[in-house]
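model.pdb follows (PDB, C-alpha atoms, pLDDT in the B column):
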ATOM      1  CA  MET W 198       0.000   0.000   0.000  1.00 62.00           C
ATOM      2  CA  LEU W 199       1.413   3.398  -0.992  1.00 77.00           C
ATOM      3  CA  LEU W 200       1.615   6.253   1.518  1.00 85.00           C
ATOM      4  CA  HIS W 201      -1.154   8.238  -0.142  1.00 83.00           C
ATOM      5  CA  GLN W 202      -3.444   5.307   0.648  1.00 87.00           C
ATOM      6  CA  LYS W 203      -2.604   5.393   4.365  1.00 94.00           C
ATOM      7  CA  THR W 204      -4.288   7.151   7.282  1.00 97.00           C
ATOM      8  CA  ALA W 205      -1.978   7.816  10.207  1.00 98.00           C
ATOM      9  CA  VAL W 206      -2.556   8.826  13.812  1.00 98.00           C
ATOM     10  CA  VAL W 207       0.415  10.829  15.137  1.00 98.00           C
ATOM     11  CA  THR W 208       0.624  11.686  18.836  1.00 97.00           C
ATOM     12  CA  GLY W 209       2.612  14.737  19.902  1.00 94.00           C
ATOM     13  CA  SER W 210       1.973  16.160  16.445  1.00 95.00           C
ATOM     14  CA  SER W 211       2.429  19.876  17.127  1.00 92.00           C
ATOM     15  CA  SER W 212       6.219  20.130  17.452  1.00 93.00           C
ATOM     16  CA  GLY W 213       9.568  18.393  17.182  1.00 94.00           C
ATOM     17  CA  ILE W 214       9.651  14.843  15.850  1.00 96.00           C
ATOM     18  CA  GLY W 215       5.858  14.558  15.704  1.00 96.00           C
ATOM     19  CA  ARG W 216       5.520  17.670  13.575  1.00 96.00           C
ATOM     20  CA  ALA W 217       8.333  16.565  11.233  1.00 97.00           C
ATOM     21  CA  ILE W 218       6.649  13.181  10.749  1.00 98.00           C
ATOM     22  CA  CYS W 219       3.301  14.854  10.028  1.00 97.00           C
ATOM     23  CA  GLU W 220       4.896  17.127   7.447  1.00 97.00           C
ATOM     24  CA  LYS W 221       6.581  14.180   5.727  1.00 97.00           C
ATOM     25  CA  LEU W 222       3.407  12.107   5.687  1.00 97.00           C
ATOM     26  CA  LEU W 223       1.344  14.993   4.313  1.00 97.00           C
ATOM     27  CA  SER W 224       3.937  15.625   1.580  1.00 96.00           C
ATOM     28  CA  HIS W 225       3.358  12.029   0.455  1.00 96.00           C
ATOM     29  CA  GLY W 226      -0.426  12.524   0.334  1.00 96.00           C
ATOM     30  CA  CYS W 227      -1.107  10.599   3.527  1.00 97.00           C
ATOM     31  CA  LYS W 228      -4.155  11.474   5.636  1.00 97.00           C
ATOM     32  CA  VAL W 229      -2.919  12.514   9.099  1.00 98.00           C
ATOM     33  CA  ILE W 230      -4.791  12.690  12.407  1.00 97.00           C
ATOM     34  CA  GLY W 231      -2.708  14.821  14.771  1.00 97.00           C
ATOM     35  CA  LEU W 232      -3.100  14.524  18.546  1.00 97.00           C
ATOM     36  CA  ALA W 233      -1.606  17.194  20.796  1.00 95.00           C
ATOM     37  CA  ARG W 234      -2.390  19.335  23.835  1.00 92.00           C
ATOM     38  CA  GLU W 235      -2.524  22.421  21.605  1.00 90.00           C
ATOM     39  CA  HIS W 236      -2.065  23.095  17.921  1.00 91.00           C
ATOM     40  CA  SER W 237      -0.911  26.708  17.713  1.00 88.00           C
ATOM     41  CA  LYS W 238       2.623  25.698  16.674  1.00 88.00           C
ATOM     42  CA  PHE W 239       1.469  23.559  13.778  1.00 92.00           C
ATOM     43  CA  ALA W 240      -1.780  24.134  11.915  1.00 89.00           C
ATOM     44  CA  PRO W 241      -1.174  23.306   8.240  1.00 92.00           C
ATOM     45  CA  ASN W 242      -3.710  24.469   5.693  1.00 90.00           C
ATOM     46  CA  ASN W 243      -4.138  20.969   4.353  1.00 94.00           C
ATOM     47  CA  LYS W 244      -7.426  19.136   3.941  1.00 96.00           C
ATOM     48  CA  LEU W 245      -5.635  15.874   4.762  1.00 97.00           C
ATOM     49  CA  TYR W 246      -4.711  17.057   8.287  1.00 97.00           C
ATOM     50  CA  PHE W 247      -7.186  16.547  11.128  1.00 97.00           C
ATOM     51  CA  PRO W 248      -6.053  18.061  14.463  1.00 96.00           C
ATOM     52  CA  TYR W 249      -7.491  16.858  17.777  1.00 96.00           C
ATOM     53  CA  GLN W 250      -6.742  18.472  21.120  1.00 95.00           C
ATOM     54  CA  ILE W 251      -6.084  16.039  23.957  1.00 94.00           C
ATOM     55  CA  ASP W 252      -3.871  15.669  27.017  1.00 93.00           C
ATOM     56  CA  LEU W 253      -2.668  12.082  26.698  1.00 94.00           C
ATOM     57  CA  ALA W 254      -1.486  12.126  30.311  1.00 92.00           C
ATOM     58  CA  ASP W 255      -5.172  11.947  31.272  1.00 92.00           C
ATOM     59  CA  LEU W 256      -5.406   8.192  30.867  1.00 93.00           C
ATOM     60  CA  ASP W 257      -9.175   7.927  31.360  1.00 90.00           C
ATOM     61  CA  GLU W 258      -9.793  10.525  28.663  1.00 90.00           C
ATOM     62  CA  THR W 259      -7.239   8.916  26.345  1.00 92.00           C
ATOM     63  CA  SER W 260      -9.047   5.576  26.145  1.00 88.00           C
ATOM     64  CA  SER W 261     -12.487   7.050  25.434  1.00 90.00           C
ATOM     65  CA  PHE W 262     -11.092   9.701  23.079  1.00 93.00           C
ATOM     66  CA  LEU W 263      -9.263   7.151  20.928  1.00 93.00           C
ATOM     67  CA  LYS W 264     -12.462   5.134  20.530  1.00 91.00           C
ATOM     68  CA  LYS W 265     -14.201   8.238  19.175  1.00 94.00           C
ATOM     69  CA  ILE W 266     -11.384   8.988  16.735  1.00 95.00           C
ATOM     70  CA  ILE W 267     -11.469   5.432  15.388  1.00 94.00           C
ATOM     71  CA  VAL W 268     -15.223   5.734  14.833  1.00 94.00           C
ATOM     72  CA  ASP W 269     -14.699   9.034  12.991  1.00 94.00           C
ATOM     73  CA  HIS W 270     -11.795   7.693  10.919  1.00 96.00           C
ATOM     74  CA  LYS W 271     -12.404   4.037  10.148  1.00 94.00           C
ATOM     75  CA  ASP W 272      -9.596   4.034   7.566  1.00 95.00           C
ATOM     76  CA  ILE W 273      -6.797   4.357  10.169  1.00 97.00           C
ATOM     77  CA  ASN W 274      -3.983   1.914   9.386  1.00 96.00           C
ATOM     78  CA  VAL W 275      -0.902   3.611  10.874  1.00 97.00           C
ATOM     79  CA  LEU W 276      -0.031   4.765  14.390  1.00 98.00           C
ATOM     80  CA  ILE W 277       3.022   6.876  15.241  1.00 98.00           C
ATOM     81  CA  SER W 278       3.106   6.873  19.043  1.00 98.00           C
ATOM     82  CA  ASN W 279       5.440   9.764  19.762  1.00 96.00           C
ATOM     83  CA  ALA W 280       4.129  12.047  22.543  1.00 93.00           C
ATOM     84  CA  GLY W 281       6.332  12.592  25.579  1.00 90.00           C
ATOM     85  CA  TYR W 282       8.668  14.930  27.441  1.00 89.00           C
ATOM     86  CA  GLY W 283      11.950  14.750  29.306  1.00 90.00           C
ATOM     87  CA  LYS W 284      12.822  15.422  32.916  1.00 90.00           C
ATOM     88  CA  PHE W 285      16.366  14.701  34.080  1.00 92.00           C
ATOM     89  CA  GLN W 286      17.494  14.930  37.695  1.00 91.00           C
ATOM     90  CA  SER W 287      18.458  12.709  40.615  1.00 92.00           C
ATOM     91  CA  LEU W 288      15.722  10.251  41.540  1.00 94.00           C
ATOM     92  CA  GLU W 289      15.275  11.568  45.082  1.00 95.00           C
ATOM     93  CA  ASN W 290      14.316  14.987  43.698  1.00 93.00           C
ATOM     94  CA  PHE W 291      11.081  13.672  42.165  1.00 95.00           C
ATOM     95  CA  SER W 292       7.854  13.651  44.160  1.00 96.00           C
ATOM     96  CA  VAL W 293       5.477  10.702  43.971  1.00 97.00           C
ATOM     97  CA  LYS W 294       3.080  12.896  41.982  1.00 96.00           C
ATOM     98  CA  GLN W 295       5.806  13.845  39.487  1.00 96.00           C
ATOM     99  CA  ILE W 296       6.826  10.209  39.009  1.00 96.00           C
ATOM    100  CA  LYS W 297       3.231   9.167  38.340  1.00 96.00           C
ATOM    101  CA  GLU W 298       2.582  12.022  35.904  1.00 95.00           C
ATOM    102  CA  PHE W 299       5.814  11.318  34.057  1.00 95.00           C
ATOM    103  CA  LEU W 300       5.154   7.607  33.600  1.00 97.00           C
ATOM    104  CA  ASP W 301       1.499   8.219  32.731  1.00 96.00           C
ATOM    105  CA  LEU W 302       2.486  10.184  29.624  1.00 95.00           C
ATOM    106  CA  ASN W 303       5.812   8.637  28.683  1.00 96.00           C
ATOM    107  CA  LEU W 304       4.840   4.993  29.126  1.00 97.00           C
ATOM    108  CA  LEU W 305       1.212   4.268  29.964  1.00 97.00           C
ATOM    109  CA  SER W 306      -0.342   6.589  27.378  1.00 96.00           C
ATOM    110  CA  HIS W 307       1.646   4.826  24.623  1.00 97.00           C
ATOM    111  CA  ILE W 308       0.309   1.475  25.811  1.00 97.00           C
ATOM    112  CA  LEU W 309      -3.294   2.717  25.861  1.00 96.00           C
ATOM    113  CA  VAL W 310      -3.063   4.347  22.427  1.00 96.00           C
ATOM    114  CA  CYS W 311      -1.573   1.150  20.978  1.00 97.00           C
ATOM    115  CA  GLN W 312      -4.276  -0.929  22.663  1.00 96.00           C
ATOM    116  CA  ALA W 313      -7.054   1.103  21.050  1.00 95.00           C
ATOM    117  CA  VAL W 314      -5.474   1.035  17.595  1.00 96.00           C
ATOM    118  CA  ILE W 315      -4.596  -2.684  17.779  1.00 96.00           C
ATOM    119  CA  ARG W 316      -8.241  -3.581  18.363  1.00 93.00           C
ATOM    120  CA  HIS W 317      -9.106  -1.611  15.252  1.00 95.00           C
ATOM    121  CA  LEU W 318      -6.288  -2.982  13.067  1.00 96.00           C
ATOM    122  CA  LYS W 319      -7.121  -6.589  13.916  1.00 94.00           C
ATOM    123  CA  ASN W 320     -10.515  -6.043  12.290  1.00 90.00           C
ATOM    124  CA  LYS W 321      -8.877  -4.635   9.154  1.00 85.00           C
ATOM    125  CA  THR W 322      -6.152  -6.000   6.891  1.00 81.00           C
ATOM    126  CA  GLY W 323      -3.250  -5.140   9.182  1.00 91.00           C
ATOM    127  CA  GLY W 324      -1.251  -1.963   9.555  1.00 96.00           C
ATOM    128  CA  ASP W 325       1.798  -0.341  11.108  1.00 97.00           C
ATOM    129  CA  ILE W 326       2.706   0.900  14.572  1.00 98.00           C
ATOM    130  CA  ILE W 327       5.846   2.960  15.129  1.00 98.00           C
ATOM    131  CA  ILE W 328       6.726   3.752  18.743  1.00 98.00           C
ATOM    132  CA  MET W 329       9.193   6.502  19.563  1.00 98.00           C
ATOM    133  CA  GLY W 330      11.775   5.200  21.996  1.00 97.00           C
ATOM    134  CA  SER W 331      15.154   6.712  22.826  1.00 96.00           C
ATOM    135  CA  GLU W 332      18.825   5.943  23.247  1.00 95.00           C
ATOM    136  CA  ALA W 333      17.932   6.132  26.962  1.00 93.00           C
ATOM    137  CA  GLY W 334      15.945   2.937  26.432  1.00 95.00           C
ATOM    138  CA  VAL W 335      19.081   1.150  25.244  1.00 96.00           C
ATOM    139  CA  VAL W 336      21.618   2.426  27.804  1.00 95.00           C
ATOM    140  CA  GLY W 337      20.605   3.957  31.139  1.00 94.00           C
ATOM    141  CA  LYS W 338      22.655   6.824  32.552  1.00 92.00           C
ATOM    142  CA  LYS W 339      22.652   9.047  35.628  1.00 92.00           C
ATOM    143  CA  LYS W 340      19.805  11.522  36.091  1.00 92.00           C
ATOM    144  CA  SER W 341      17.727   9.710  33.472  1.00 93.00           C
ATOM    145  CA  THR W 342      16.199   7.175  35.859  1.00 96.00           C
ATOM    146  CA  LEU W 343      12.574   7.993  35.059  1.00 96.00           C
ATOM    147  CA  TYR W 344      13.183   8.633  31.373  1.00 95.00           C
ATOM    148  CA  SER W 345      15.098   5.370  30.996  1.00 97.00           C
ATOM    149  CA  ALA W 346      12.444   3.493  32.983  1.00 97.00           C
ATOM    150  CA  ALA W 347       9.781   4.710  30.548  1.00 97.00           C
ATOM    151  CA  LYS W 348      11.859   4.078  27.413  1.00 97.00           C
ATOM    152  CA  PHE W 349      13.126   0.651  28.533  1.00 97.00           C
ATOM    153  CA  GLY W 350       9.489  -0.179  29.264  1.00 98.00           C
ATOM    154  CA  LEU W 351       8.466   0.887  25.762  1.00 98.00           C
ATOM    155  CA  ARG W 352      11.249  -1.220  24.284  1.00 98.00           C
ATOM    156  CA  GLY W 353      10.037  -4.373  26.029  1.00 98.00           C
ATOM    157  CA  PHE W 354       6.426  -3.480  25.215  1.00 98.00           C
ATOM    158  CA  ALA W 355       7.236  -3.055  21.507  1.00 98.00           C
ATOM    159  CA  GLN W 356       9.078  -6.381  21.354  1.00 98.00           C
ATOM    160  CA  ALA W 357       6.233  -8.281  23.024  1.00 98.00           C
ATOM    161  CA  LEU W 358       3.535  -6.493  21.014  1.00 98.00           C
ATOM    162  CA  ARG W 359       5.351  -7.242  17.753  1.00 98.00           C
ATOM    163  CA  ASP W 360       5.339 -10.940  18.593  1.00 97.00           C
ATOM    164  CA  GLU W 361       1.696 -10.792  19.660  1.00 97.00           C
ATOM    165  CA  VAL W 362       0.226  -9.156  16.546  1.00 97.00           C
ATOM    166  CA  SER W 363       2.450 -10.328  13.691  1.00 95.00           C
ATOM    167  CA  SER W 364      -0.063 -13.042  12.744  1.00 95.00           C
ATOM    168  CA  ASN W 365      -2.588 -10.226  12.129  1.00 95.00           C
ATOM    169  CA  ASP W 366      -0.240  -8.581   9.576  1.00 96.00           C
ATOM    170  CA  ILE W 367       0.463  -5.742  12.017  1.00 97.00           C
ATOM    171  CA  ARG W 368       4.054  -4.509  12.036  1.00 98.00           C
ATOM    172  CA  VAL W 369       5.536  -2.909  15.158  1.00 98.00           C
ATOM    173  CA  CYS W 370       8.765  -0.912  15.050  1.00 98.00           C
ATOM    174  CA  LEU W 371      10.655   1.046  17.717  1.00 98.00           C
ATOM    175  CA  ILE W 372      12.788   4.075  16.782  1.00 98.00           C
ATOM    176  CA  ASN W 373      15.486   5.033  19.299  1.00 98.00           C
ATOM    177  CA  PRO W 374      16.864   8.501  18.512  1.00 96.00           C
ATOM    178  CA  GLY W 375      19.802  10.063  20.281  1.00 94.00           C
ATOM    179  CA  MET W 376      19.749  13.818  20.888  1.00 93.00           C
ATOM    180  CA  VAL W 377      17.380  15.466  18.426  1.00 94.00           C
ATOM    181  CA  ARG W 378      17.574  19.203  17.823  1.00 92.00           C
ATOM    182  CA  SER W 379      14.056  20.247  18.785  1.00 90.00           C
ATOM    183  CA  SER W 380      11.881  22.004  21.370  1.00 86.00           C
ATOM    184  CA  PHE W 381      12.386  18.926  23.597  1.00 88.00           C
ATOM    185  CA  PHE W 382      15.263  20.805  25.264  1.00 87.00           C
ATOM    186  CA  ASP W 383      13.469  24.138  25.777  1.00 88.00           C
ATOM    187  CA  LYS W 384      12.765  23.500  29.474  1.00 85.00           C
ATOM    188  CA  LEU W 385      15.862  21.396  30.199  1.00 89.00           C
ATOM    189  CA  ASP W 386      19.224  22.588  31.507  1.00 88.00           C
ATOM    190  CA  PHE W 387      21.203  21.023  28.661  1.00 88.00           C
ATOM    191  CA  TYR W 388      21.029  20.783  24.892  1.00 89.00           C
ATOM    192  CA  PRO W 389      23.080  19.414  21.976  1.00 92.00           C
ATOM    193  CA  GLY W 390      26.044  21.346  20.601  1.00 93.00           C
ATOM    194  CA  GLU W 391      25.419  23.819  17.806  1.00 93.00           C
ATOM    195  CA  ASN W 392      27.411  21.982  15.118  1.00 94.00           C
ATOM    196  CA  HIS W 393      25.248  20.019  12.686  1.00 93.00           C
ATOM    197  CA  GLU W 394      27.191  16.881  13.656  1.00 95.00           C
ATOM    198  CA  ASN W 395      26.200  17.206  17.341  1.00 95.00           C
ATOM    199  CA  ALA W 396      22.526  16.313  16.973  1.00 95.00           C
ATOM    200  CA  ILE W 397      20.007  14.456  14.884  1.00 95.00           C
ATOM    201  CA  GLU W 398      17.455  16.607  13.088  1.00 95.00           C
ATOM    202  CA  ALA W 399      13.760  15.870  13.511  1.00 95.00           C
ATOM    203  CA  LEU W 400      13.526  15.353   9.760  1.00 96.00           C
ATOM    204  CA  ASP W 401      16.095  12.530  10.053  1.00 96.00           C
ATOM    205  CA  VAL W 402      13.730  10.670  12.383  1.00 97.00           C
ATOM    206  CA  ALA W 403      10.787  11.443  10.108  1.00 97.00           C
ATOM    207  CA  ALA W 404      12.703  10.051   7.122  1.00 97.00           C
ATOM    208  CA  SER W 405      13.289   6.823   9.052  1.00 97.00           C
ATOM    209  CA  ALA W 406       9.579   6.542   9.813  1.00 98.00           C
ATOM    210  CA  ILE W 407       8.726   6.971   6.121  1.00 97.00           C
ATOM    211  CA  ASP W 408      11.256   4.310   5.126  1.00 96.00           C
ATOM    212  CA  ILE W 409       9.726   1.872   7.631  1.00 97.00           C
ATOM    213  CA  LEU W 410       6.208   2.455   6.320  1.00 96.00           C
ATOM    214  CA  MET W 411       7.310   1.997   2.705  1.00 95.00           C
ATOM    215  CA  MET W 412       9.110  -1.284   3.420  1.00 94.00           C
ATOM    216  CA  ARG W 413       7.715  -4.375   1.709  1.00 94.00           C
ATOM    217  CA  ARG W 414       4.850  -5.756   3.833  1.00 92.00           C
ATOM    218  CA  GLY W 415       6.615  -9.065   4.365  1.00 93.00           C
ATOM    219  CA  THR W 416       9.519  -7.349   6.134  1.00 95.00           C
ATOM    220  CA  VAL W 417       9.395  -5.957   9.658  1.00 95.00           C
ATOM    221  CA  VAL W 418      11.933  -3.427  10.890  1.00 96.00           C
ATOM    222  CA  ASP W 419      12.195  -4.407  14.540  1.00 97.00           C
ATOM    223  CA  GLU W 420      14.200  -1.473  15.851  1.00 97.00           C
ATOM    224  CA  VAL W 421      16.112   1.549  14.539  1.00 98.00           C
ATOM    225  CA  ASN W 422      18.877   3.302  16.493  1.00 97.00           C
ATOM    226  CA  LEU W 423      19.852   6.826  15.408  1.00 97.00           C
ATOM    227  CA  SER W 424      22.828   8.772  16.797  1.00 96.00           C
ATOM    228  CA  PRO W 425      24.631  12.047  16.040  1.00 95.00           C
ATOM    229  CA  ILE W 426      28.054  11.359  14.578  1.00 95.00           C
ATOM    230  CA  LYS W 427      29.758  13.624  17.146  1.00 95.00           C
ATOM    231  CA  LYS W 428      27.720  13.828  20.327  1.00 92.00           C
ATOM    232  CA  MET W 429      28.169  16.998  22.368  1.00 93.00           C
ATOM    233  CA  ILE W 430      26.142  18.185  25.362  1.00 91.00           C
ATOM    234  CA  VAL W 431      26.059  21.853  26.391  1.00 93.00           C
ATOM    235  CA  PHE W 432      24.831  22.846  29.855  1.00 90.00           C
ATOM    236  CA  ASP W 433      22.871  26.019  30.506  1.00 80.00           C
ATOM    237  CA  LYS W 434      24.515  27.168  33.751  1.00 64.00           C
ATOM    238  CA  LYS W 435      21.553  29.211  34.994  1.00 59.00           C
ATOM    239  CA  LYS W 436      19.010  26.448  34.387  1.00 53.00           C
ATOM    240  CA  HIS W 437      21.444  23.838  35.726  1.00 51.00           C
ATOM    241  CA  GLU W 438      21.918  25.721  39.010  1.00 50.00           C
ATOM    242  CA  LYS W 439      18.150  26.001  39.456  1.00 52.00           C
ATOM    243  CA  SER W 440      17.719  22.264  38.942  1.00 51.00           C
ATOM    244  CA  LEU W 441      20.265  21.332  41.644  1.00 48.00           C
TER     245      LEU W 441
END

Please re-express this file's structure in structure tokens.
Amino acid sequence: MLLHQKTAVVTGSSSGIGRAICEKLLSHGCKVIGLAREHSKFAPNNKLYFPYQIDLADLDETSSFLKKIIVDHKDINVLISNAGYGKFQSLENFSVKQIKEFLDLNLLSHILVCQAVIRHLKNKTGGDIIIMGSEAGVVGKKKSTLYSAAKFGLRGFAQALRDEVSSNDIRVCLINPGMVRSSFFDKLDFYPGENHENAIEALDVAASAIDILMMRRGTVVDEVNLSPIKKMIVFDKKKHEKSL
């Protein structure tokens, strides 16, 4: 099936990787259903783009909302589960509330979105699910305890889900980007170096997603790891001091 025959749900569609993926899909004539908390950053004048406002961290709302979207768009055959945010500090500095909220969005919401779409795809002729992981889900490092917990969880979830749904012609792939130059770092006390070799661009991740979707149906791309060729981390001293 060509991309212009696909209908994709993209979570976290308003910025960063999610926005880049939406733009790529739309350029190929794909129908795109964008889910985000707000859409002011990305509101393309394109009849193939359908924005929906939702806070995926609200797990009760997420389940019921996805059911409505699937009723409205019965032709859905692709899910790009991308929404999330980063928070990096020593474990003891997180409150119980912060831990719960973080895992609700970065792990549990992905599981619930996949659950809703899987039920739909099993009644169709298959489809594709791409889950956005991270290099932090491959190697855990200091001050990324919660982020790594969520991303390692997604990695195991993707592996098990792939095995569970392959007989239904549903492909599941995990993309693990390293540092991506995007708004992800706006509220963090570090960011990638300014040289083009110090970070992945969001369009690089989007290109990988397109390649996965265009792969011959009989082939599954299990996992993709993307890294900048020369990794460099720059610390914002003022933000870093506040986070200590």

Given only C-alpha atoms as the counted atoms, nearest of W:Met329, W:Leu300, W:Leu358, W:Leu385 to W:Asn422: W:Met329

field: Given only C-alpha atoms as the counted atoms, nearest of W:Val377, W:Leu223, W:Leu256, W:Leu343 to W:Asn242
entry: W:Leu223

query: Counting all atoms listed in the file, which of W:Leu276, W:Ala240, W:Leu309, W:Val229 gets nearest to W:Glu258?
result: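 Selected residue with least distance to W:Glu258: W:Leu309.
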
- prompt: Which residue, W:Asn303, W:Thr322, W:Asn279, W:Ser424, has the smallest gap to W:Asp366 when you use only C-alpha atoms?
  reply: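 Of W:Asn303, W:Thr322, W:Asn279, W:Ser424, the one nearest W:Asp366 is W:Thr322, counting only C-alpha atoms.
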
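Across the chains present, the PyMOL selection byres ((chain W and resi 342) around 12) applied to this file returns W:Gly283, W:Lys284, W:Phe285, W:Gln286, W:Ser287, W:Leu288, W:Glu289, W:Asn290, W:Phe291, W:Ile296, W:Phe299, W:Leu300, W:Ala333, W:Gly334, W:Val336, W:Gly337, W:Lys338, W:Lys339, W:Lys340, W:Ser341, W:Leu343, W:Tyr344, W:Ser345, W:Ala346, W:Ala347, W:Lys348, W:Phe349, W:Gly350.
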
- request: For the structure shown, which residues end up in the PyMOL selection byres ((chain W and resi 206) around 7)? Put them as a list in words, please?
  value: Thr204, Ala205, Val207, Thr208, Val229, Ile230, Gly231, Val275, Leu276 and Ile277 of chain W

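For the pair atom CA of W:Thr259 and atom CA of W:Glu235, the separation is 15.1 Å.
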
- prompt: What lies within 8 Å of W:Cys311 using all atoms listed in the file, ignoring chain neighbours under 3 positions off, as an MDAnalysis selection string?
  reply: chainID W and resid 276 278 307:308 314:315 326

message: Please list, as a PyMOL selection string, the residues that have an atom at most 12 Å away from (-0.1, 25.8, 19.6) in the coordinates of this file, counting only C-alpha atoms.
response: chain W and resi 209-212+216+232-241+248-250

Can you write out the residues you just picked, keeping C-alpha atoms, as an mmCIF file, in the coordinates of the input?
data_model
loop_
_atom_site.group_PDB
_atom_site.id
_atom_site.type_symbol
_atom_site.label_atom_id
_atom_site.label_comp_id
_atom_site.auth_asym_id
_atom_site.auth_seq_id
_atom_site.Cartn_x
_atom_site.Cartn_y
_atom_site.Cartn_z
ATOM 1 C CA GLY W 209 2.612 14.737 19.902
ATOM 2 C CA SER W 210 1.973 16.160 16.445
ATOM 3 C CA SER W 211 2.429 19.876 17.127
ATOM 4 C CA SER W 212 6.219 20.130 17.452
ATOM 5 C CA ARG W 216 5.520 17.670 13.575
ATOM 6 C CA LEU W 232 -3.100 14.524 18.546
ATOM 7 C CA ALA W 233 -1.606 17.194 20.796
ATOM 8 C CA ARG W 234 -2.390 19.335 23.835
ATOM 9 C CA GLU W 235 -2.524 22.421 21.605
ATOM 10 C CA HIS W 236 -2.065 23.095 17.921
ATOM 11 C CA SER W 237 -0.911 26.708 17.713
ATOM 12 C CA LYS W 238 2.623 25.698 16.674
ATOM 13 C CA PHE W 239 1.469 23.559 13.778
ATOM 14 C CA ALA W 240 -1.780 24.134 11.915
ATOM 15 C CA PRO W 241 -1.174 23.306 8.240
ATOM 16 C CA PRO W 248 -6.053 18.061 14.463
ATOM 17 C CA TYR W 249 -7.491 16.858 17.777
ATOM 18 C CA GLN W 250 -6.742 18.472 21.120
#

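Distance annotation: of W:Asn365, W:Asn373, W:Gln356, W:Asn274, the residue with the minimal separation from W:Ala406 is W:Asn373; atom set is all atoms listed in the file.
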
- request: Tell me which of W:Val310, W:Asp257, W:Lys271, W:Gly226 sits closest to W:Leu245, counting only C-alpha atoms.
  value: W:Gly226

- prompt: What does the distance between atom CA of W:Ile407 and atom CA of W:Val421 come to in Å, to one decimal place?
  reply: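 Computing the Euclidean distance for atom CA of W:Ile407 and atom CA of W:Val421 yields 12.4 Å.
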
field: Atom-to-atom span, atom CA of W:Ile218 and atom CA of W:Lys297, Å
entry: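 Separating atom CA of W:Ile218 from atom CA of W:Lys297 is a distance of 28.1 Å.
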
Residues within 7 Å of W:Glu298, all atoms listed in the file, excluding chain neighbours under 4 positions, as a list in words: Ala254, Lys294 and Leu302 of chain W

task: Would you write out, as a list in words, every residue that the PyMOL selection byres ((chain W and resi 429) around 12) captures in this file?
output: Gly375, Met376, Val377, Arg378, Phe387, Tyr388, Pro389, Gly390, Glu391, Asn392, His393, Glu394, Asn395, Ala396, Ile397, Ser424, Pro425, Ile426, Lys427, Lys428, Ile430, Val431 and Phe432 of chain W
